[in-house]
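Trainee: Sharing a structure with you now.
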Amino acid sequence: MLKYMLRRCVEMAGAMLVMSLLVFMLGRALGDPVSLLLSDYATAEDRALLTQELGLDKPLAVQYLTFLSKALRGDLGRSISADRQPVVDSVMRRLPASLQLAAAALLVSLLVGIPLGILAALRYDSWIDHLVRGIALVGQSVPVFWLGIVLMFIFSVLLGWLPTSGYGQLRNIVLPAATMSLFSIAAVTRLTRNSMREALDSDYVRLARIKGLAESRVIWQHALSNSLVPVLTFMGTFFATMITGAVVIETVFGWPGIGRLAFEAILARDFPLMQAVVLVMTALFMSANLAVDVLQAWLDPRVRL
Amino acid sequence: MTASPRSPQATPVLQVDGLSVDFGRADDAVRIVDEVSFSLAAGETLGLVGESGCGKSTTVLALLRLLPPRVSARVSGTVKLNGDDLLRLPEKALPAVRGRGITMIPQNPMTSLNPLFTIGRQLEECLDGPGVSPARRRELAIEQLRAVGISEPERRLNQFPHELSGGMRQRVVGACVTARSPRVLIADEPTTALDATVQVQYLDMLKSLQARSGMAMLFVTHDIGVVARICDRIAVMYAGRIVESGKVDTVLRSPRHWYTRALIDSLPPLDRQLDRLPTIAGTLPRPGTITEACRFAPRCPAAHDKCRTDIPPAVTDTDGHVVACWTPREQGSGQ
């Protein structure tokens, strides 16, 4: 188990390295940082000075190594906006809000999706099953930005129950979390229903019945544990969707997370900030996957090999 | 070691009468198992033989009330286990009957154990009950693993199914289903998925379990060699009906039904080389196509008009040898 985790960590470090290279290359490919940083009225000396200061006169490989060693020490440069803040600080300041939102959405989608999926599987081919499958289909088809606006219109504008935007109170998180979780609720429901169905039809569930186990034990221990394996696998992907989907949702609801930060960085052409956001999102995505892999190894002994 | 065949008068543990299974909705239902009857006495082994698709597995799943609900099967007849009709028990009462009264070793050892649970957990859950301490349960589990011939049982308890070979997994399945000392064990081709050498060991293991507990065994197989090896009586099934039954010696030495004869003839001989394996001409009738006739008639060398219009009744001779045929082969006319 420990060996497995160690291996996964090394793999993750390798992937992060590749990602840092891509982010660095992208930074160099998308335009001259000097022109971005300086105003149109800068002189040639100014340009030369800044080029030297930023180390842009050195070979690309050296530049990358500098970038990498700084990145490892938590320095991804400064924002080009007026305040010239270190970008890592900006990202870290925005991170808690994003994590709160993603965690809330993940929690909601598991708490709603798993029971719905189980219910549909146990009442296979009944009206409940058909209803649940219908809802799941709609939930996976509705675009996030549209859903966000519709929910906002109904619950904030028409009913006045919840604020349209803001951050800090529990009522603020309800709408963005609901918007974010609808897709994954639908996905978790479908996945749970199908894997539960499969488990209930399996030979080991039949053997559990042959052994004379009570039906509750057959369903809640033998069938459920197996049906949760694929759900777990997809949790990593859901989490990724929640981080990337956050760009739209955080912008719609004015949520101060890194999704909106990415949006702001793009609008302001704040390249160092975008780099930092991309790298942090990558790291989050990979950590989520690692966590899922570890959970899975804990649940399924065949993975530990 | 083999338990001696009981006299027909002995009260049977399991008495199956007119068991029929129809698949599909009422108006276009297809009969897969048709009026199957047999009985099993304690310590006795009955071999249920027939080719693939003849309804053997459907019969045993119906006995255990394990037909998947989605096939919408209608089961009729009676299945009396110590006097209780299993087919009329409420769903809630089934767990108490399965495992203790009647149990089964299914075909595929590779998928029958839960991949996520240790062998110990899967075995111990069959052993718990009021007044059984965890330590005692573990003891019983080790004992049970030893009984099915598993080496190093203490270590196995902490292993997962994927760490065990197919033969060992099937032994574990055997240990699980017999843990509560059932009265009847159904073995549905338990050795089909195993190597030939492992097969024989497994059969011996089953026989020794039976000798210890005195349980009755229904052995489902398409392998007549296995039947000759371990069964006291045999019932030959064709297209959902039992066409001949009786003591293994009698039936295999002088089969009276033409199908049994053909089945025995299609065993490859050990003493000479054949270019082609012997076969029975034709194929099983599609379920539902033959209703009011002998189902073997299209493939039978002795078929005549009556065979194609009337179902032959089961006739019993003095020796308990039952045959359902309009013109059975003469007695004692084995090769």
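The way I read the labels, and the way they are meant: chains A, B, ... in the order of the structure tokens, residue 1 as the first residue of every chain, and ligand 1 as the first ligand shown, with later ones counted on from there.
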Can you list, as a ChimeraX atom specification, every protein, DNA or RNA residue that comes within 9 Å of segment 282-285 of chain B when you count only C-alpha atoms, leaving out same-chain residues fewer than 6 positions away?
Mentor: /B:51,53-54,238-239,295-296,298-299
Trainee: Using C-alpha atoms, can you export the residues from the last selection as a short mmCIF file (atom, residue, chain, number, x, y, z; two decimals), in the first residue's frame?
Mentor:
```cif
data_model
loop_
_atom_site.label_atom_id
_atom_site.label_comp_id
_atom_site.auth_asym_id
_atom_site.auth_seq_id
_atom_site.Cartn_x
_atom_site.Cartn_y
_atom_site.Cartn_z
CA GLU B 51 -26.95 -31.26 -22.62
CA GLY B 53 -29.74 -25.62 -22.67
CA CYS B 54 -31.97 -28.48 -21.55
CA TYR B 238 -34.10 -33.50 -22.27
CA ALA B 239 -35.59 -30.19 -23.41
CA ARG B 295 -39.60 -33.75 -27.47
CA PHE B 296 -36.91 -36.18 -28.55
CA PRO B 298 -37.34 -35.49 -34.17
CA ARG B 299 -33.95 -36.98 -33.26
#
```
Trainee: Near Glu292 of chain B, within 6 Å and counting only C-alpha atoms, which residues show up once chain neighbours fewer than 4 positions away are dropped, as a PDB file with C-alpha atoms, in the first residue's frame?
Mentor:
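Contents of result-v8.pdb, as written:
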```
ATOM      1  CA  THR B 309     -48.761 -36.429 -31.149  1.00  0.00           C
ATOM      2  CA  ASP B 310     -48.749 -37.534 -27.504  1.00  0.00           C
ATOM      3  CA  ILE B 311     -46.544 -36.881 -24.519  1.00  0.00           C
TER       4      ILE B 311
END
```
Trainee: Using only C-alpha atoms, which residues sit within 12 Å of Arg276 of chain B once same-chain residues fewer than 4 positions away are excluded, as a PyMOL selection string?
Mentor: chain B and resi 266-269+272
Trainee: Go through chain A and flag each residue having an atom no more than 6 Å from chain B; for those, report the closest pair of atoms plus their distance in Å to one decimal, using only C-alpha atoms, ordered by chain and rising number, as JSON lines.
Mentor:
```
{"residue": "A:Asp203", "atom": "CA", "partner": "B:Ser112", "partner_atom": "CA", "distance": 4.8}
{"residue": "A:Tyr204", "atom": "CA", "partner": "B:Ser112", "partner_atom": "CA", "distance": 4.3}
{"residue": "A:Ile210", "atom": "CA", "partner": "B:Arg98", "partner_atom": "CA", "distance": 5.6}
{"residue": "A:Lys211", "atom": "CA", "partner": "B:Gly99", "partner_atom": "CA", "distance": 4.6}
{"residue": "A:Gly212", "atom": "CA", "partner": "B:Pro95", "partner_atom": "CA", "distance": 4.2}
{"residue": "A:Leu213", "atom": "CA", "partner": "B:Pro95", "partner_atom": "CA", "distance": 5.7}
{"residue": "A:Ala214", "atom": "CA", "partner": "B:Pro95", "partner_atom": "CA", "distance": 5.6}
{"residue": "A:Asp300", "atom": "CA", "partner": "B:Leu116", "partner_atom": "CA", "distance": 5.4}
```
Trainee: Considering only alpha helix (DSSP H) as DSSP defines it on the backbone, what residues of segment 21-206 of chain B qualify? List them as a ChimeraX atom specification.
Mentor: /B:56-63,94-97,109-112,119-124,134-147,153-156,166-177,196-206
Trainee: Using C-alpha atoms, can you write the selected residues to a file as a PDB file, in the first residue's frame?
Mentor:
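Heads up, here's the output in out15.pdb:
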```pdb
ATOM      1  CA  LYS B  56     -30.902 -28.024 -15.727  1.00  0.00           C
ATOM      2  CA  SER B  57     -29.694 -24.709 -14.400  1.00  0.00           C
ATOM      3  CA  THR B  58     -33.145 -23.138 -14.634  1.00  0.00           C
ATOM      4  CA  THR B  59     -34.466 -26.051 -12.583  1.00  0.00           C
ATOM      5  CA  VAL B  60     -31.992 -25.556  -9.755  1.00  0.00           C
ATOM      6  CA  LEU B  61     -32.323 -21.773  -9.743  1.00  0.00           C
ATOM      7  CA  ALA B  62     -36.087 -22.218  -9.501  1.00  0.00           C
ATOM      8  CA  LEU B  63     -35.622 -24.601  -6.561  1.00  0.00           C
ATOM      9  CA  LEU B  94     -35.827 -17.397   2.255  1.00  0.00           C
ATOM     10  CA  PRO B  95     -32.537 -16.374   3.923  1.00  0.00           C
ATOM     11  CA  ALA B  96     -33.304 -18.717   6.800  1.00  0.00           C
ATOM     12  CA  VAL B  97     -33.821 -21.617   4.371  1.00  0.00           C
ATOM     13  CA  PRO B 109     -15.559 -19.952  -9.084  1.00  0.00           C
ATOM     14  CA  MET B 110     -13.828 -16.952 -10.658  1.00  0.00           C
ATOM     15  CA  THR B 111     -16.775 -14.608 -10.164  1.00  0.00           C
ATOM     16  CA  SER B 112     -18.664 -16.168  -7.261  1.00  0.00           C
ATOM     17  CA  ILE B 119     -11.943 -14.940   2.350  1.00  0.00           C
ATOM     18  CA  GLY B 120     -12.306 -14.763   6.133  1.00  0.00           C
ATOM     19  CA  ARG B 121     -15.053 -12.172   5.987  1.00  0.00           C
ATOM     20  CA  GLN B 122     -16.980 -14.064   3.326  1.00  0.00           C
ATOM     21  CA  LEU B 123     -16.733 -17.303   5.241  1.00  0.00           C
ATOM     22  CA  GLU B 124     -17.356 -15.867   8.692  1.00  0.00           C
ATOM     23  CA  PRO B 134     -15.729 -13.489  16.832  1.00  0.00           C
ATOM     24  CA  ALA B 135     -12.940 -15.725  18.069  1.00  0.00           C
ATOM     25  CA  ARG B 136     -15.171 -18.789  17.853  1.00  0.00           C
ATOM     26  CA  ARG B 137     -16.262 -17.718  14.398  1.00  0.00           C
ATOM     27  CA  ARG B 138     -12.673 -17.530  13.258  1.00  0.00           C
ATOM     28  CA  GLU B 139     -12.034 -20.977  14.702  1.00  0.00           C
ATOM     29  CA  LEU B 140     -15.032 -22.394  12.875  1.00  0.00           C
ATOM     30  CA  ALA B 141     -13.921 -20.711   9.659  1.00  0.00           C
ATOM     31  CA  ILE B 142     -10.474 -22.292   9.897  1.00  0.00           C
ATOM     32  CA  GLU B 143     -12.066 -25.643  10.582  1.00  0.00           C
ATOM     33  CA  GLN B 144     -14.345 -25.197   7.609  1.00  0.00           C
ATOM     34  CA  LEU B 145     -11.470 -24.312   5.289  1.00  0.00           C
ATOM     35  CA  ARG B 146      -9.617 -27.387   6.466  1.00  0.00           C
ATOM     36  CA  ALA B 147     -12.680 -29.503   5.728  1.00  0.00           C
ATOM     37  CA  PRO B 153      -6.241 -21.879   6.403  1.00  0.00           C
ATOM     38  CA  GLU B 154      -5.104 -19.204   8.905  1.00  0.00           C
ATOM     39  CA  ARG B 155      -3.259 -17.352   6.166  1.00  0.00           C
ATOM     40  CA  ARG B 156      -6.074 -17.759   3.617  1.00  0.00           C
ATOM     41  CA  GLY B 166      -9.672 -21.194  -9.431  1.00  0.00           C
ATOM     42  CA  GLY B 167      -9.671 -24.568  -7.697  1.00  0.00           C
ATOM     43  CA  MET B 168      -9.049 -22.960  -4.312  1.00  0.00           C
ATOM     44  CA  ARG B 169     -11.749 -20.373  -4.882  1.00  0.00           C
ATOM     45  CA  GLN B 170     -14.226 -23.113  -5.671  1.00  0.00           C
ATOM     46  CA  ARG B 171     -13.220 -24.850  -2.438  1.00  0.00           C
ATOM     47  CA  VAL B 172     -13.830 -21.615  -0.562  1.00  0.00           C
ATOM     48  CA  VAL B 173     -17.266 -21.388  -2.202  1.00  0.00           C
ATOM     49  CA  GLY B 174     -17.896 -24.942  -1.030  1.00  0.00           C
ATOM     50  CA  ALA B 175     -16.793 -23.994   2.474  1.00  0.00           C
ATOM     51  CA  CYS B 176     -19.109 -20.965   2.524  1.00  0.00           C
ATOM     52  CA  VAL B 177     -22.246 -22.683   1.335  1.00  0.00           C
ATOM     53  CA  ALA B 196      -9.149 -32.102 -15.027  1.00  0.00           C
ATOM     54  CA  THR B 197      -6.836 -33.098 -12.150  1.00  0.00           C
ATOM     55  CA  VAL B 198      -8.367 -30.537  -9.818  1.00  0.00           C
ATOM     56  CA  GLN B 199     -11.840 -31.767 -10.822  1.00  0.00           C
ATOM     57  CA  VAL B 200     -11.314 -35.214  -9.372  1.00  0.00           C
ATOM     58  CA  GLN B 201      -9.932 -33.805  -6.122  1.00  0.00           C
ATOM     59  CA  TYR B 202     -12.901 -31.495  -5.865  1.00  0.00           C
ATOM     60  CA  LEU B 203     -15.395 -34.309  -6.349  1.00  0.00           C
ATOM     61  CA  ASP B 204     -13.631 -36.334  -3.648  1.00  0.00           C
ATOM     62  CA  MET B 205     -13.793 -33.325  -1.340  1.00  0.00           C
ATOM     63  CA  LEU B 206     -17.550 -33.004  -1.921  1.00  0.00           C
TER      64      LEU B 206
END
```
Trainee: Nearest to Ile118 of chain A: which of A:Arg73, A:Arg171, A:Arg190, A:Arg260 is it, counting only C-alpha atoms?
Mentor: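 The shortest atom-to-atom distance to Ile118 of chain A comes from A:Arg190.
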Trainee: As a PyMOL selection string, please: the residues near Leu14 of chain B (cut-off 9 Å, only C-alpha atoms, same-chain neighbours under 6 positions excluded).
Mentor: chain B and resi 38-42+79-83+102+183-184+216
Trainee: What lies within 7 Å of segment 120-136 of chain A using only C-alpha atoms, ignoring chain neighbours under 4 positions off, as an NGL selection string?
Mentor: :A and (116 or 140 or 186-187 or 189-190 or 193 or 196-197)
Trainee: Would you mind exporting all heavy atoms of the selected residues as a PDB file, in the first residue's frame?
Mentor:
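Dumped to part02.pdb:
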```pdb
ATOM      1  N   LEU A 116     -30.055   8.279  -4.961  1.00  0.00           N
ATOM      2  CA  LEU A 116     -30.963   8.220  -6.113  1.00  0.00           C
ATOM      3  C   LEU A 116     -30.618   7.040  -7.012  1.00  0.00           C
ATOM      4  O   LEU A 116     -31.503   6.315  -7.483  1.00  0.00           O
ATOM      5  CB  LEU A 116     -30.874   9.509  -6.929  1.00  0.00           C
ATOM      6  CG  LEU A 116     -31.802  10.658  -6.542  1.00  0.00           C
ATOM      7  CD1 LEU A 116     -31.640  11.802  -7.537  1.00  0.00           C
ATOM      8  CD2 LEU A 116     -33.248  10.184  -6.522  1.00  0.00           C
ATOM      9  N   GLN A 140     -27.518  16.071 -17.117  1.00  0.00           N
ATOM     10  CA  GLN A 140     -26.237  16.009 -17.818  1.00  0.00           C
ATOM     11  C   GLN A 140     -26.250  16.805 -19.111  1.00  0.00           C
ATOM     12  O   GLN A 140     -25.222  17.015 -19.721  1.00  0.00           O
ATOM     13  CB  GLN A 140     -25.871  14.549 -18.107  1.00  0.00           C
ATOM     14  CG  GLN A 140     -25.271  13.868 -16.881  1.00  0.00           C
ATOM     15  CD  GLN A 140     -24.592  12.566 -17.232  1.00  0.00           C
ATOM     16  OE1 GLN A 140     -25.241  11.610 -17.626  1.00  0.00           O
ATOM     17  NE2 GLN A 140     -23.282  12.518 -17.086  1.00  0.00           N
ATOM     18  N   ALA A 186     -26.273  14.211 -11.679  1.00  0.00           N
ATOM     19  CA  ALA A 186     -26.799  13.372 -12.760  1.00  0.00           C
ATOM     20  C   ALA A 186     -25.820  12.253 -13.091  1.00  0.00           C
ATOM     21  O   ALA A 186     -26.204  11.084 -13.212  1.00  0.00           O
ATOM     22  CB  ALA A 186     -27.067  14.233 -13.990  1.00  0.00           C
ATOM     23  N   ALA A 187     -24.537  12.610 -13.174  1.00  0.00           N
ATOM     24  CA  ALA A 187     -23.542  11.602 -13.540  1.00  0.00           C
ATOM     25  C   ALA A 187     -23.408  10.542 -12.450  1.00  0.00           C
ATOM     26  O   ALA A 187     -23.377   9.344 -12.737  1.00  0.00           O
ATOM     27  CB  ALA A 187     -22.199  12.284 -13.796  1.00  0.00           C
ATOM     28  N   THR A 189     -25.618   9.701 -10.254  1.00  0.00           N
ATOM     29  CA  THR A 189     -26.843   8.900 -10.222  1.00  0.00           C
ATOM     30  C   THR A 189     -26.805   7.800 -11.275  1.00  0.00           C
ATOM     31  O   THR A 189     -27.057   6.631 -10.987  1.00  0.00           O
ATOM     32  CB  THR A 189     -28.066   9.803 -10.475  1.00  0.00           C
ATOM     33  OG1 THR A 189     -28.082  10.838  -9.521  1.00  0.00           O
ATOM     34  CG2 THR A 189     -29.346   9.001 -10.374  1.00  0.00           C
ATOM     35  N   ARG A 190     -26.484   8.199 -12.503  1.00  0.00           N
ATOM     36  CA  ARG A 190     -26.455   7.210 -13.596  1.00  0.00           C
ATOM     37  C   ARG A 190     -25.432   6.123 -13.328  1.00  0.00           C
ATOM     38  O   ARG A 190     -25.686   4.930 -13.507  1.00  0.00           O
ATOM     39  CB  ARG A 190     -26.125   7.902 -14.915  1.00  0.00           C
ATOM     40  CG  ARG A 190     -27.304   8.650 -15.493  1.00  0.00           C
ATOM     41  CD  ARG A 190     -26.846   9.595 -16.566  1.00  0.00           C
ATOM     42  NE  ARG A 190     -26.202   8.886 -17.656  1.00  0.00           N
ATOM     43  CZ  ARG A 190     -26.704   8.831 -18.881  1.00  0.00           C
ATOM     44  NH1 ARG A 190     -27.836   9.420 -19.146  1.00  0.00           N
ATOM     45  NH2 ARG A 190     -26.087   8.179 -19.826  1.00  0.00           N
ATOM     46  N   ARG A 193     -26.539   3.895 -10.418  1.00  0.00           N
ATOM     47  CA  ARG A 193     -27.635   3.028 -10.837  1.00  0.00           C
ATOM     48  C   ARG A 193     -27.090   1.854 -11.661  1.00  0.00           C
ATOM     49  O   ARG A 193     -27.402   0.695 -11.389  1.00  0.00           O
ATOM     50  CB  ARG A 193     -28.646   3.804 -11.677  1.00  0.00           C
ATOM     51  CG  ARG A 193     -29.747   2.925 -12.217  1.00  0.00           C
ATOM     52  CD  ARG A 193     -30.561   3.650 -13.270  1.00  0.00           C
ATOM     53  NE  ARG A 193     -31.493   2.721 -13.897  1.00  0.00           N
ATOM     54  CZ  ARG A 193     -31.172   1.957 -14.937  1.00  0.00           C
ATOM     55  NH1 ARG A 193     -29.946   1.995 -15.441  1.00  0.00           N
ATOM     56  NH2 ARG A 193     -32.053   1.125 -15.449  1.00  0.00           N
ATOM     57  N   MET A 196     -24.745  -0.492  -9.635  1.00  0.00           N
ATOM     58  CA  MET A 196     -25.531  -1.218  -8.639  1.00  0.00           C
ATOM     59  C   MET A 196     -26.328  -2.324  -9.325  1.00  0.00           C
ATOM     60  O   MET A 196     -26.421  -3.446  -8.840  1.00  0.00           O
ATOM     61  CB  MET A 196     -26.468  -0.236  -7.930  1.00  0.00           C
ATOM     62  CG  MET A 196     -27.198  -0.832  -6.752  1.00  0.00           C
ATOM     63  SD  MET A 196     -26.080  -1.108  -5.359  1.00  0.00           S
ATOM     64  CE  MET A 196     -27.205  -1.796  -4.175  1.00  0.00           C
ATOM     65  N   ARG A 197     -26.880  -1.995 -10.465  1.00  0.00           N
ATOM     66  CA  ARG A 197     -27.636  -2.958 -11.275  1.00  0.00           C
ATOM     67  C   ARG A 197     -26.739  -4.158 -11.601  1.00  0.00           C
ATOM     68  O   ARG A 197     -27.118  -5.307 -11.469  1.00  0.00           O
ATOM     69  CB  ARG A 197     -28.007  -2.236 -12.561  1.00  0.00           C
ATOM     70  CG  ARG A 197     -29.339  -2.454 -13.250  1.00  0.00           C
ATOM     71  CD  ARG A 197     -30.459  -2.751 -12.418  1.00  0.00           C
ATOM     72  NE  ARG A 197     -30.769  -4.170 -12.567  1.00  0.00           N
ATOM     73  CZ  ARG A 197     -31.511  -4.854 -11.718  1.00  0.00           C
ATOM     74  NH1 ARG A 197     -32.028  -4.264 -10.680  1.00  0.00           N
ATOM     75  NH2 ARG A 197     -31.745  -6.117 -11.902  1.00  0.00           N
TER      76      ARG A 197
END
```
Trainee: Env of Gly50 of chain B: 10 Å cut, atoms = only C-alpha atoms, seq-sep filter 2 positions within chain, self excluded. Answer as number ranges by chain.
Mentor: B: 47-48, 52-56, 220-224, 235-242, 259-260, 263
Trainee: What is the distance, in Å and to one decimal place, between atom CA of Leu46 of chain B and atom CA of Ile230 of chain B?
Mentor: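 Distance between the two atoms: 8.9 Å.
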Trainee: I'd like to know which residues of segment 62-213 of chain B are strand (DSSP E or B) (by DSSP, run on the backbone); could you write them as a ChimeraX atom specification?
Mentor: /B:73-81,84-85,98,102-105,184-188
Trainee: Compile the contact shell of Pro163 of chain A as a PyMOL selection string: residues with an atom at most 10 Å away, counting only C-alpha atoms, same-chain residues fewer than 6 positions apart removed.
Mentor: chain A and resi 152+155-157+171-175+253
Trainee: For atom CA of Ala293 of chain B and atom CA of Leu252 of chain B, determine how far apart the two atoms are, in Å to one decimal place.
Mentor: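 If I compute the distance from atom CA of Ala293 of chain B to atom CA of Leu252 of chain B, I get 25.0 Å.
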Trainee: What gap, in Å, lies between atom CA of Arg31 of chain B and atom CA of Arg88 of chain B?
Mentor: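 Distance reported for this atom pair: 20.0 Å.
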Trainee: Give the answer as one residue: which of A:Ser20, A:Ile114, A:Leu200, A:Ser81 has the shortest atom-to-atom distance to Leu65 of chain A, using only C-alpha atoms?
Mentor: A:Ser20
